[in-house]
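Student: File upload.txt below, compact mmCIF, C-alpha atoms:
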```
# COMPACT_ATOMS: atom_id res chain seq x y z
CA MET A 1 8.38 -62.44 -14.90
CA ILE A 2 9.84 -60.76 -17.93
CA SER A 3 9.07 -57.08 -18.44
CA TYR A 4 8.58 -55.53 -21.84
CA PRO A 5 9.44 -51.87 -21.41
CA ASN A 6 8.70 -50.93 -24.98
CA LYS A 7 5.39 -52.68 -25.05
CA LYS A 8 4.41 -51.18 -21.70
CA LYS A 9 5.28 -47.68 -22.93
CA SER A 10 3.16 -48.22 -25.99
CA GLN A 11 0.22 -49.37 -23.86
CA ASN A 12 0.48 -46.28 -21.69
CA LYS A 13 0.25 -44.11 -24.77
CA ILE A 14 -2.97 -45.79 -25.77
CA ASN A 15 -4.55 -44.62 -22.53
CA ILE A 16 -4.06 -40.94 -23.40
CA PRO A 17 -7.15 -39.61 -25.16
CA HIS A 18 -6.50 -38.28 -28.61
CA ALA A 19 -7.58 -34.73 -27.75
CA ASN A 20 -4.74 -34.23 -25.29
CA ARG A 21 -2.08 -36.19 -27.08
CA GLY A 22 0.73 -33.85 -28.00
CA MET A 23 -0.94 -31.00 -26.12
CA ASN A 24 1.26 -29.47 -23.57
CA LEU A 25 0.13 -28.15 -20.23
CA GLU A 26 1.12 -24.59 -21.06
CA LYS A 27 -1.10 -24.55 -24.12
CA ILE A 28 -4.02 -26.03 -22.18
CA LEU A 29 -3.64 -23.37 -19.47
CA ASN A 30 -3.22 -20.52 -21.94
CA GLU A 31 -6.46 -21.54 -23.65
CA THR A 32 -8.22 -21.85 -20.30
CA ASN A 33 -6.96 -18.43 -19.15
CA GLN A 34 -7.94 -16.86 -22.47
CA TYR A 35 -11.46 -18.25 -22.02
CA TYR A 36 -11.63 -16.78 -18.50
CA LEU A 37 -10.36 -13.44 -19.82
CA ASP A 38 -12.73 -13.30 -22.80
CA ASN A 39 -15.69 -14.06 -20.54
CA ASN A 40 -14.68 -11.54 -17.84
CA MET A 41 -14.33 -14.34 -15.31
CA ALA A 42 -10.71 -13.74 -14.25
CA VAL A 43 -7.52 -12.02 -15.36
CA ILE A 44 -4.77 -14.63 -15.13
CA HIS A 45 -1.66 -14.64 -17.32
CA LYS A 46 1.49 -16.63 -17.74
CA LYS A 47 4.50 -14.50 -16.91
CA PRO A 48 7.09 -14.12 -19.64
CA THR A 49 10.07 -16.48 -19.40
CA PRO A 50 12.93 -14.63 -17.70
CA ILE A 51 15.85 -14.15 -20.08
CA GLN A 52 19.20 -12.60 -19.24
CA VAL A 53 20.22 -10.40 -22.13
CA VAL A 54 23.99 -10.25 -22.61
CA LYS A 55 24.35 -8.44 -25.93
CA ILE A 56 22.13 -6.37 -28.19
CA ASP A 57 22.94 -5.37 -31.74
CA TYR A 58 21.46 -1.88 -32.10
CA GLU A 59 22.45 -1.67 -35.75
CA GLN A 60 20.28 -4.72 -36.50
CA ASN A 61 16.94 -3.32 -35.27
CA THR A 62 17.74 -3.88 -31.56
CA LYS A 63 18.28 -7.57 -32.13
CA ILE A 64 19.32 -9.62 -29.11
CA VAL A 65 22.34 -11.65 -30.21
CA ASP A 66 23.47 -13.15 -26.91
CA ALA A 67 21.12 -14.16 -24.11
CA TYR A 68 20.29 -17.04 -21.79
CA PHE A 69 17.18 -18.50 -20.19
CA GLN A 70 17.05 -17.89 -16.44
CA LYS A 71 15.46 -20.05 -13.78
CA PRO A 72 12.18 -18.41 -12.67
CA SER A 73 12.34 -17.20 -9.05
CA THR A 74 8.56 -17.03 -8.79
CA THR A 75 5.76 -19.05 -10.35
CA ASP A 76 4.58 -19.02 -13.95
CA TYR A 77 0.98 -17.89 -13.47
CA ASN A 78 -0.71 -15.19 -11.46
CA GLY A 79 -3.66 -12.86 -11.60
CA VAL A 80 -6.95 -11.85 -10.06
CA TYR A 81 -10.27 -13.63 -9.55
CA LYS A 82 -13.13 -11.93 -7.68
CA GLY A 83 -10.64 -9.51 -6.11
CA LYS A 84 -8.46 -12.34 -4.79
CA TYR A 85 -4.85 -12.84 -5.73
CA ILE A 86 -4.27 -16.13 -7.58
CA ASP A 87 -0.81 -17.65 -7.92
CA PHE A 88 0.17 -21.06 -9.21
CA GLU A 89 2.76 -23.22 -10.85
CA ALA A 90 1.86 -25.89 -13.40
CA LYS A 91 3.90 -29.01 -13.94
CA GLU A 92 3.48 -32.25 -15.77
CA THR A 93 5.04 -35.52 -14.76
CA GLN A 94 5.62 -38.80 -16.57
CA SER A 95 5.57 -40.65 -13.27
CA LYS A 96 2.54 -42.78 -12.45
CA THR A 97 3.25 -42.99 -8.75
CA SER A 98 4.47 -39.62 -7.46
CA PHE A 99 5.25 -35.95 -8.06
CA ALA A 100 8.95 -35.25 -7.43
CA LEU A 101 9.54 -32.19 -5.25
CA ASN A 102 12.46 -31.13 -7.42
CA ASN A 103 9.89 -30.11 -10.04
CA ILE A 104 9.49 -26.98 -7.90
CA SER A 105 12.61 -24.94 -7.11
CA THR A 106 13.37 -23.75 -3.59
CA HIS A 107 12.74 -20.19 -4.78
CA GLN A 108 9.33 -21.12 -6.10
CA ALA A 109 8.38 -22.95 -2.89
CA LYS A 110 9.43 -19.90 -0.84
CA HIS A 111 7.44 -17.64 -3.14
CA LEU A 112 4.30 -19.77 -2.71
CA GLU A 113 4.81 -19.73 1.06
CA LYS A 114 5.01 -15.92 1.04
CA VAL A 115 1.86 -15.69 -1.08
CA ILE A 116 0.00 -17.83 1.48
CA GLU A 117 1.27 -15.52 4.27
CA GLN A 118 -0.26 -12.60 2.35
CA SER A 119 -3.60 -14.49 2.18
CA GLY A 120 -3.26 -15.11 -1.54
CA ILE A 121 -4.64 -18.26 -3.14
CA ALA A 122 -1.62 -20.42 -4.02
CA PHE A 123 -1.67 -23.86 -5.60
CA LEU A 124 -0.16 -26.27 -8.09
CA ILE A 125 -1.70 -27.78 -11.15
CA ILE A 126 -0.12 -31.19 -11.68
CA TYR A 127 -0.68 -33.12 -14.87
CA PHE A 128 -0.10 -36.85 -14.54
CA VAL A 129 0.42 -37.53 -18.22
CA LEU A 130 0.15 -41.33 -18.04
CA HIS A 131 -3.06 -41.18 -16.00
CA ASN A 132 -4.31 -38.27 -18.12
CA GLU A 133 -5.38 -36.53 -14.91
CA PHE A 134 -4.96 -32.93 -13.85
CA TYR A 135 -4.89 -32.20 -10.12
CA PHE A 136 -5.32 -28.98 -8.21
CA LEU A 137 -3.18 -29.09 -5.08
CA ASP A 138 -3.19 -26.35 -2.42
CA ALA A 139 0.36 -25.01 -2.08
CA LYS A 140 0.18 -25.53 1.70
CA ILE A 141 0.48 -29.28 1.04
CA LEU A 142 3.54 -28.75 -1.13
CA ILE A 143 5.11 -26.55 1.58
CA ASP A 144 4.50 -29.23 4.23
CA PHE A 145 6.25 -31.83 2.07
CA TYR A 146 9.04 -29.35 1.34
CA HIS A 147 9.66 -28.80 5.05
CA ASN A 148 9.68 -32.54 5.68
CA GLU A 149 13.29 -33.32 4.88
CA LYS A 150 12.68 -37.04 4.49
CA ARG A 151 10.38 -36.49 1.53
CA LYS A 152 11.55 -36.22 -2.04
CA SER A 153 8.16 -36.57 -3.67
CA ILE A 154 4.42 -36.43 -3.05
CA PRO A 155 2.77 -39.82 -3.69
CA TYR A 156 0.15 -39.94 -6.45
CA GLU A 157 -2.32 -41.59 -4.06
CA PHE A 158 -1.88 -38.71 -1.61
CA ILE A 159 -2.53 -36.12 -4.34
CA LYS A 160 -5.58 -38.12 -5.44
CA LYS A 161 -6.92 -37.96 -1.89
CA GLU A 162 -5.89 -34.45 -0.78
CA GLY A 163 -5.95 -32.66 -4.14
CA HIS A 164 -8.86 -32.01 -6.44
CA LEU A 165 -9.25 -33.73 -9.79
CA LEU A 166 -9.86 -31.09 -12.48
CA ARG A 167 -12.67 -31.85 -14.85
CA GLN A 168 -11.54 -31.78 -18.49
CA GLY A 169 -13.70 -30.21 -21.12
CA TYR A 170 -13.63 -28.62 -24.51
CA ILE A 171 -13.78 -25.08 -23.22
CA PRO A 172 -12.44 -24.26 -20.72
CA ARG A 173 -9.98 -27.12 -21.06
CA ILE A 174 -9.55 -27.52 -17.31
CA ASP A 175 -11.89 -25.48 -15.16
CA TYR A 176 -9.72 -24.65 -12.14
CA LEU A 177 -11.81 -21.61 -11.10
CA SER A 178 -14.66 -23.92 -10.09
CA ILE A 179 -12.28 -25.59 -7.62
CA ILE A 180 -11.23 -22.19 -6.24
CA ASP A 181 -14.91 -21.35 -5.70
CA GLU A 182 -15.41 -24.66 -3.93
CA ILE A 183 -12.45 -24.62 -1.57
CA TYR A 184 -11.63 -20.94 -0.94
CA LEU A 185 -14.67 -18.80 -1.70
CA LYS A 186 -17.60 -20.74 -0.23
CA MET B 1 12.11 37.82 -23.73
CA ILE B 2 14.98 35.59 -24.73
CA SER B 3 14.92 32.03 -23.50
CA TYR B 4 18.01 30.13 -22.53
CA PRO B 5 17.15 26.50 -23.10
CA ASN B 6 20.50 25.19 -21.95
CA LYS B 7 20.54 27.25 -18.80
CA LYS B 8 16.95 26.31 -18.00
CA LYS B 9 17.77 22.63 -18.41
CA SER B 10 20.67 23.02 -16.05
CA GLN B 11 18.46 24.74 -13.46
CA ASN B 12 15.96 21.92 -13.61
CA LYS B 13 18.70 19.45 -12.88
CA ILE B 14 19.66 21.34 -9.73
CA ASN B 15 16.18 20.75 -8.34
CA ILE B 16 16.60 16.97 -8.39
CA PRO B 17 17.97 15.78 -5.05
CA HIS B 18 21.27 13.99 -5.31
CA ALA B 19 19.88 10.70 -3.96
CA ASN B 20 17.55 10.23 -6.90
CA ARG B 21 19.79 11.64 -9.61
CA GLY B 22 20.60 8.91 -12.07
CA MET B 23 18.25 6.53 -10.26
CA ASN B 24 15.67 5.05 -12.49
CA LEU B 25 12.13 4.31 -11.50
CA GLU B 26 12.54 0.58 -12.00
CA LYS B 27 15.43 0.45 -9.52
CA ILE B 28 13.48 2.51 -6.97
CA LEU B 29 10.49 0.18 -7.27
CA ASN B 30 12.59 -2.97 -7.14
CA GLU B 31 14.19 -1.74 -3.90
CA THR B 32 10.79 -0.82 -2.48
CA ASN B 33 9.30 -4.21 -3.42
CA GLN B 34 12.31 -6.03 -1.98
CA TYR B 35 11.80 -4.14 1.30
CA TYR B 36 8.12 -5.14 1.34
CA LEU B 37 9.08 -8.76 0.59
CA ASP B 38 11.84 -8.95 3.21
CA ASN B 39 9.49 -7.55 5.86
CA ASN B 40 6.57 -9.83 4.94
CA MET B 41 4.45 -6.81 4.02
CA ALA B 42 3.59 -7.75 0.44
CA VAL B 43 4.68 -9.99 -2.43
CA ILE B 44 4.98 -7.75 -5.48
CA HIS B 45 7.37 -8.41 -8.35
CA LYS B 46 8.26 -6.92 -11.69
CA LYS B 47 7.39 -9.30 -14.48
CA PRO B 48 10.20 -10.34 -16.78
CA THR B 49 10.47 -8.37 -20.02
CA PRO B 50 8.76 -10.35 -22.78
CA ILE B 51 11.25 -11.48 -25.41
CA GLN B 52 10.46 -13.32 -28.61
CA VAL B 53 13.10 -15.96 -29.12
CA VAL B 54 13.81 -16.66 -32.79
CA LYS B 55 16.87 -18.88 -32.65
CA ILE B 56 18.69 -20.91 -30.02
CA ASP B 57 22.13 -22.41 -30.42
CA TYR B 58 21.93 -25.68 -28.50
CA GLU B 59 25.57 -26.48 -29.17
CA GLN B 60 26.56 -23.29 -27.31
CA ASN B 61 24.94 -24.09 -23.94
CA THR B 62 21.39 -23.20 -25.09
CA LYS B 63 22.47 -19.68 -26.02
CA ILE B 64 19.83 -17.45 -27.53
CA VAL B 65 21.39 -15.99 -30.68
CA ASP B 66 18.41 -14.24 -32.26
CA ALA B 67 15.60 -12.61 -30.27
CA TYR B 68 13.61 -9.41 -30.01
CA PHE B 69 12.01 -7.37 -27.23
CA GLN B 70 8.22 -7.50 -27.34
CA LYS B 71 5.75 -4.86 -26.23
CA PRO B 72 4.22 -5.94 -22.90
CA SER B 73 0.51 -6.71 -23.22
CA THR B 74 -0.05 -6.35 -19.49
CA THR B 75 1.56 -4.19 -16.83
CA ASP B 76 5.04 -4.52 -15.35
CA TYR B 77 4.16 -5.08 -11.70
CA ASN B 78 1.71 -7.30 -9.87
CA GLY B 79 1.35 -9.21 -6.66
CA VAL B 80 -0.54 -9.60 -3.42
CA TYR B 81 -1.06 -7.36 -0.40
CA LYS B 82 -3.31 -8.45 2.48
CA GLY B 83 -4.99 -10.95 0.16
CA LYS B 84 -5.79 -8.28 -2.43
CA TYR B 85 -4.56 -8.37 -5.98
CA ILE B 86 -2.26 -5.44 -6.80
CA ASP B 87 -1.48 -4.42 -10.38
CA PHE B 88 0.31 -1.36 -11.65
CA GLU B 89 2.40 0.24 -14.32
CA ALA B 90 5.21 2.68 -13.52
CA LYS B 91 6.28 5.43 -15.87
CA GLU B 92 8.49 8.43 -15.68
CA THR B 93 8.01 11.58 -17.70
CA GLN B 94 10.28 14.50 -18.53
CA SER B 95 7.24 16.75 -18.97
CA LYS B 96 6.50 19.32 -16.30
CA THR B 97 2.90 19.88 -17.34
CA SER B 98 1.29 16.56 -18.25
CA PHE B 99 1.47 12.80 -18.55
CA ALA B 100 1.01 11.70 -22.17
CA LEU B 101 -1.50 8.86 -22.58
CA ASN B 102 0.71 7.17 -25.17
CA ASN B 103 2.99 6.18 -22.26
CA ILE B 104 0.44 3.43 -21.68
CA SER B 105 -0.38 1.10 -24.58
CA THR B 106 -3.97 0.27 -25.49
CA HIS B 107 -3.31 -3.31 -24.36
CA GLN B 108 -2.12 -2.11 -20.98
CA ALA B 109 -5.12 0.20 -20.52
CA LYS B 110 -7.46 -2.69 -21.37
CA HIS B 111 -5.63 -4.93 -18.95
CA LEU B 112 -6.00 -2.37 -16.12
CA GLU B 113 -9.70 -2.04 -16.95
CA LYS B 114 -10.15 -5.80 -16.69
CA VAL B 115 -8.32 -5.88 -13.37
CA ILE B 116 -10.70 -3.23 -12.01
CA GLU B 117 -13.66 -5.32 -13.23
CA GLN B 118 -12.26 -8.24 -11.20
CA SER B 119 -12.08 -5.96 -8.11
CA GLY B 120 -8.29 -5.84 -8.20
CA ILE B 121 -6.38 -2.74 -7.07
CA ALA B 122 -5.03 -1.12 -10.24
CA PHE B 123 -3.02 2.07 -10.47
CA LEU B 124 -0.15 3.95 -12.05
CA ILE B 125 2.97 5.27 -10.42
CA ILE B 126 4.04 8.36 -12.35
CA TYR B 127 7.42 9.95 -11.74
CA PHE B 128 7.60 13.57 -12.80
CA VAL B 129 11.39 13.74 -13.07
CA LEU B 130 11.67 17.53 -13.28
CA HIS B 131 9.40 18.05 -10.26
CA ASN B 132 11.04 15.09 -8.51
CA GLU B 133 7.56 13.91 -7.51
CA PHE B 134 6.06 10.43 -7.57
CA TYR B 135 2.30 10.16 -7.88
CA PHE B 136 -0.03 7.28 -7.23
CA LEU B 137 -2.96 7.48 -9.64
CA ASP B 138 -5.95 5.12 -9.52
CA ALA B 139 -6.20 3.38 -12.91
CA LYS B 140 -9.90 4.36 -13.12
CA ILE B 141 -8.74 7.93 -13.80
CA LEU B 142 -6.45 6.74 -16.60
CA ILE B 143 -9.29 4.70 -18.11
CA ASP B 144 -11.61 7.74 -18.05
CA PHE B 145 -9.03 9.81 -19.92
CA TYR B 146 -8.40 6.92 -22.31
CA HIS B 147 -12.11 6.74 -23.19
CA ASN B 148 -12.26 10.50 -23.73
CA GLU B 149 -11.10 10.69 -27.32
CA LYS B 150 -10.28 14.40 -27.13
CA ARG B 151 -7.60 13.79 -24.51
CA LYS B 152 -4.01 12.95 -25.34
CA SER B 153 -2.60 13.54 -21.87
CA ILE B 154 -3.49 13.96 -18.21
CA PRO B 155 -2.54 17.45 -16.93
CA TYR B 156 0.02 17.57 -14.12
CA GLU B 157 -2.31 19.80 -12.07
CA PHE B 158 -5.07 17.20 -12.37
CA ILE B 159 -2.75 14.42 -11.19
CA LYS B 160 -1.60 16.63 -8.31
CA LYS B 161 -5.24 17.08 -7.26
CA GLU B 162 -6.72 13.63 -7.96
CA GLY B 163 -3.62 11.49 -7.40
CA HIS B 164 -1.62 10.93 -4.24
CA LEU B 165 1.89 12.27 -3.77
CA LEU B 166 4.15 9.42 -2.64
CA ARG B 167 6.41 10.22 0.27
CA GLN B 168 10.06 9.59 -0.54
CA GLY B 169 12.34 8.01 2.03
CA TYR B 170 15.49 6.03 2.42
CA ILE B 171 13.73 2.71 2.89
CA PRO B 172 11.23 2.05 1.46
CA ARG B 173 12.11 4.48 -1.29
CA ILE B 174 8.48 5.27 -2.10
CA ASP B 175 5.92 3.84 0.27
CA TYR B 176 2.99 3.12 -2.01
CA LEU B 177 1.42 0.51 0.31
CA SER B 178 0.51 3.26 2.77
CA ILE B 179 -1.55 4.91 0.01
CA ILE B 180 -3.27 1.59 -0.74
CA ASP B 181 -4.17 1.31 2.95
CA GLU B 182 -5.53 4.83 2.90
CA ILE B 183 -7.66 4.70 -0.23
CA TYR B 184 -8.71 1.05 -0.65
CA LEU B 185 -8.45 -0.77 2.66
CA LYS B 186 -9.86 1.67 5.20
```
Since I need it in another form, could you write the structure as structure tokens?
Tutor:
Amino acid sequence: MISYPNKKKSQNKINIPHANRGMNLEKILNETNQYYLDNNMAVIHKKPTPIQVVKIDYEQNTKIVDAYFQKPSTTDYNGVYKGKYIDFEAKETQSKTSFALNNISTHQAKHLEKVIEQSGIAFLIIYFVLHNEFYFLDAKILIDFYHNEKRKSIPYEFIKKEGHLLRQGYIPRIDYLSIIDEIYLK
Amino acid sequence: MISYPNKKKSQNKINIPHANRGMNLEKILNETNQYYLDNNMAVIHKKPTPIQVVKIDYEQNTKIVDAYFQKPSTTDYNGVYKGKYIDFEAKETQSKTSFALNNISTHQAKHLEKVIEQSGIAFLIIYFVLHNEFYFLDAKILIDFYHNEKRKSIPYEFIKKEGHLLRQGYIPRIDYLSIIDEIYLK
């Protein structure tokens, strides 16, 4: 059987609804978090990107003229919901079949593990772009896979079964607080 | 009576114990938080400084060549302790008599107010450099002063009475978790 990679790619694109095409996960989450904030539902923010500043020009209005992006040692999002500490990392993948563990750095996995030890609510939001599905996955599952040295990825079918599909809407874009209510606060 | 500003300044300096001389509050808190983290007591980090990136040189190893510091819209520190959400801002003041409210931006005050509404634990750590005293002050007190339009500062004597003096030690440098235990988790 002959494969047509270009054609296949084009077909995959057709499956992505127009509303989310070109939308990145960060924007979707920022809009969702802003909605939660505006409606006094939760206070959850994306942390600023860590940047190592090498040189500042004080004569040019404290302009940074030499700096580099650093790898985050913790996760991108944290905050508070009903008194509980919320902590998560959000990643999108172009794979249809699995979520590669190297999407999450060792530092980030250790951070999530420590949050769980402190009874915080820790999870991942994984966006399978080609399925146009967002999953909520308890960080404990990630940690288990991380500690299993034979594993390099979490299968999509496993995430589908053990994770929670996030309902997509206009506002909030993906309502992950409803999942937190369901699995942690019942 | 003739005042000797230079002499007075020099006398104040003598009152600061050698260990903390030249130490900044951020370093003290980072060491304290690292101690809490290493001993599995809490997971509390300083957020990265927000920087607006204007221009990146991709030919020079993704070097940032034009960027500016941004005013933080939230607080510097947050994390989790015994499942509870912890959020605070740390400031030092050279004043002996009061803590000026303009040390905390309107955005930061609003953020602390929202954290309180979500039942998070929100506070300030104020370092009175010339007294060499660190105080833990519940953010509710800051918010009250913020909403009182006649007030431009919180008097030192008021903070001494309504706040909690933080014990200084070698490690942790200032043990603020013990105050949290005492006033929120009893």
Student: Between A:Asn40, A:Gln108, A:Gln94, A:Asn148, which one has atoms that come closest to chain B, using all atoms listed in the file?
Tutor: A:Asn40
Student: Between atom CA of Gly120 of chain A and atom CA of Glu92 of chain A, measure the distance and give it in Å to one decimal.
Tutor: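 Distance between the two atoms: 23.3 Å.
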Student: Enumerate, in order of chain and increasing residue number, the residues of chain A with an atom no farther than 7 Å from chain B, each with its shortest atom pair and distance in Å to one decimal, counting all atoms listed in the file, as a Markdown table.
Tutor:
```
| residue | atom | partner | partner_atom | distance |
| --- | --- | --- | --- | --- |
| A:Ala42 | CA | B:Gln118 | CA | 6.5 |
| A:Val43 | CA | B:Val115 | CA | 6.5 |
| A:Lys47 | CA | B:Lys47 | CA | 6.4 |
| A:Pro48 | CA | B:Pro50 | CA | 5.2 |
| A:Thr49 | CA | B:Pro48 | CA | 6.7 |
| A:Pro50 | CA | B:Pro48 | CA | 5.2 |
| A:Lys63 | CA | B:Tyr68 | CA | 5.4 |
| A:Ile64 | CA | B:Ala67 | CA | 4.9 |
| A:Val65 | CA | B:Val65 | CA | 4.5 |
| A:Asp66 | CA | B:Val65 | CA | 5.2 |
| A:Ala67 | CA | B:Ile64 | CA | 4.9 |
| A:Tyr68 | CA | B:Lys63 | CA | 5.4 |
| A:Val80 | CA | B:Tyr85 | CA | 5.9 |
| A:Tyr81 | CA | B:Gln118 | CA | 6.0 |
| A:Lys82 | CA | B:Gln118 | CA | 5.2 |
| A:Gly83 | CA | B:Ser119 | CA | 4.3 |
| A:Lys84 | CA | B:Lys84 | CA | 5.4 |
| A:Tyr85 | CA | B:Tyr85 | CA | 4.5 |
| A:Lys114 | CA | B:Val43 | CA | 6.9 |
| A:Val115 | CA | B:Val43 | CA | 6.5 |
| A:Gln118 | CA | B:Lys82 | CA | 5.2 |
| A:Ser119 | CA | B:Gly83 | CA | 4.3 |
| A:Gly120 | CA | B:Gly83 | CA | 4.8 |
```
Student: Would you output that residue set with C-alpha atoms, as a compact mmCIF listing (two decimals), in the frame of the given file?
Tutor:
```
# COMPACT_ATOMS: atom_id res chain seq x y z
CA ALA A 42 -10.71 -13.74 -14.25
CA VAL A 43 -7.52 -12.02 -15.36
CA LYS A 47 4.50 -14.50 -16.91
CA PRO A 48 7.09 -14.12 -19.64
CA THR A 49 10.07 -16.48 -19.40
CA PRO A 50 12.93 -14.63 -17.70
CA LYS A 63 18.28 -7.57 -32.13
CA ILE A 64 19.32 -9.62 -29.11
CA VAL A 65 22.34 -11.65 -30.21
CA ASP A 66 23.47 -13.15 -26.91
CA ALA A 67 21.12 -14.16 -24.11
CA TYR A 68 20.29 -17.04 -21.79
CA VAL A 80 -6.95 -11.85 -10.06
CA TYR A 81 -10.27 -13.63 -9.55
CA LYS A 82 -13.13 -11.93 -7.68
CA GLY A 83 -10.64 -9.51 -6.11
CA LYS A 84 -8.46 -12.34 -4.79
CA TYR A 85 -4.85 -12.84 -5.73
CA LYS A 114 5.01 -15.92 1.04
CA VAL A 115 1.86 -15.69 -1.08
CA GLN A 118 -0.26 -12.60 2.35
CA SER A 119 -3.60 -14.49 2.18
CA GLY A 120 -3.26 -15.11 -1.54
```
Student: From the set A:Tyr184, A:Phe123, A:Phe99, A:Tyr170, which residue has the shortest atom-to-atom contact distance to Glu31 of chain A, counting all atoms listed in the file?
Tutor: A:Tyr170
Student: Would you please work out which residue, of A:Asp138, A:Glu149, A:Glu157, A:Glu162, is nearest to Tyr176 of chain A when using only C-alpha atoms?
Tutor: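 Comparing A:Asp138, A:Glu149, A:Glu157, A:Glu162 against Tyr176 of chain A, the winner is A:Asp138.
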Student: Between atom CA of Ser73 of chain B and atom CA of Val129 of chain B, what is the spacing in Å?
Tutor: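 Between atom CA of Val129 of chain B and atom CA of Ser73 of chain B the gap is 25.3 Å.
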Student: Quick one: distance from atom CA of Glu89 of chain A to atom CA of Leu124 of chain A in Å, one decimal?
Tutor: 5.0 Å
Student: Padding 5 Å on every side, please: axis-aligned box over the listed atoms of segment 49-55 of chain A, centre and edge lengths to one decimal in Å, as lines of an AutoDock Vina configuration file.
Tutor:
```
center_x = 17.2
center_y = -12.5
center_z = -21.8
size_x = 24.3
size_y = 18.0
size_z = 18.2
```
Student: May I ask which of the residues B:Ala109, B:Leu130, B:Ala100, B:Ala90 is the closest one to Leu29 of chain B, counting only C-alpha atoms?
Tutor: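 Nearest to Leu29 of chain B: B:Ala90.
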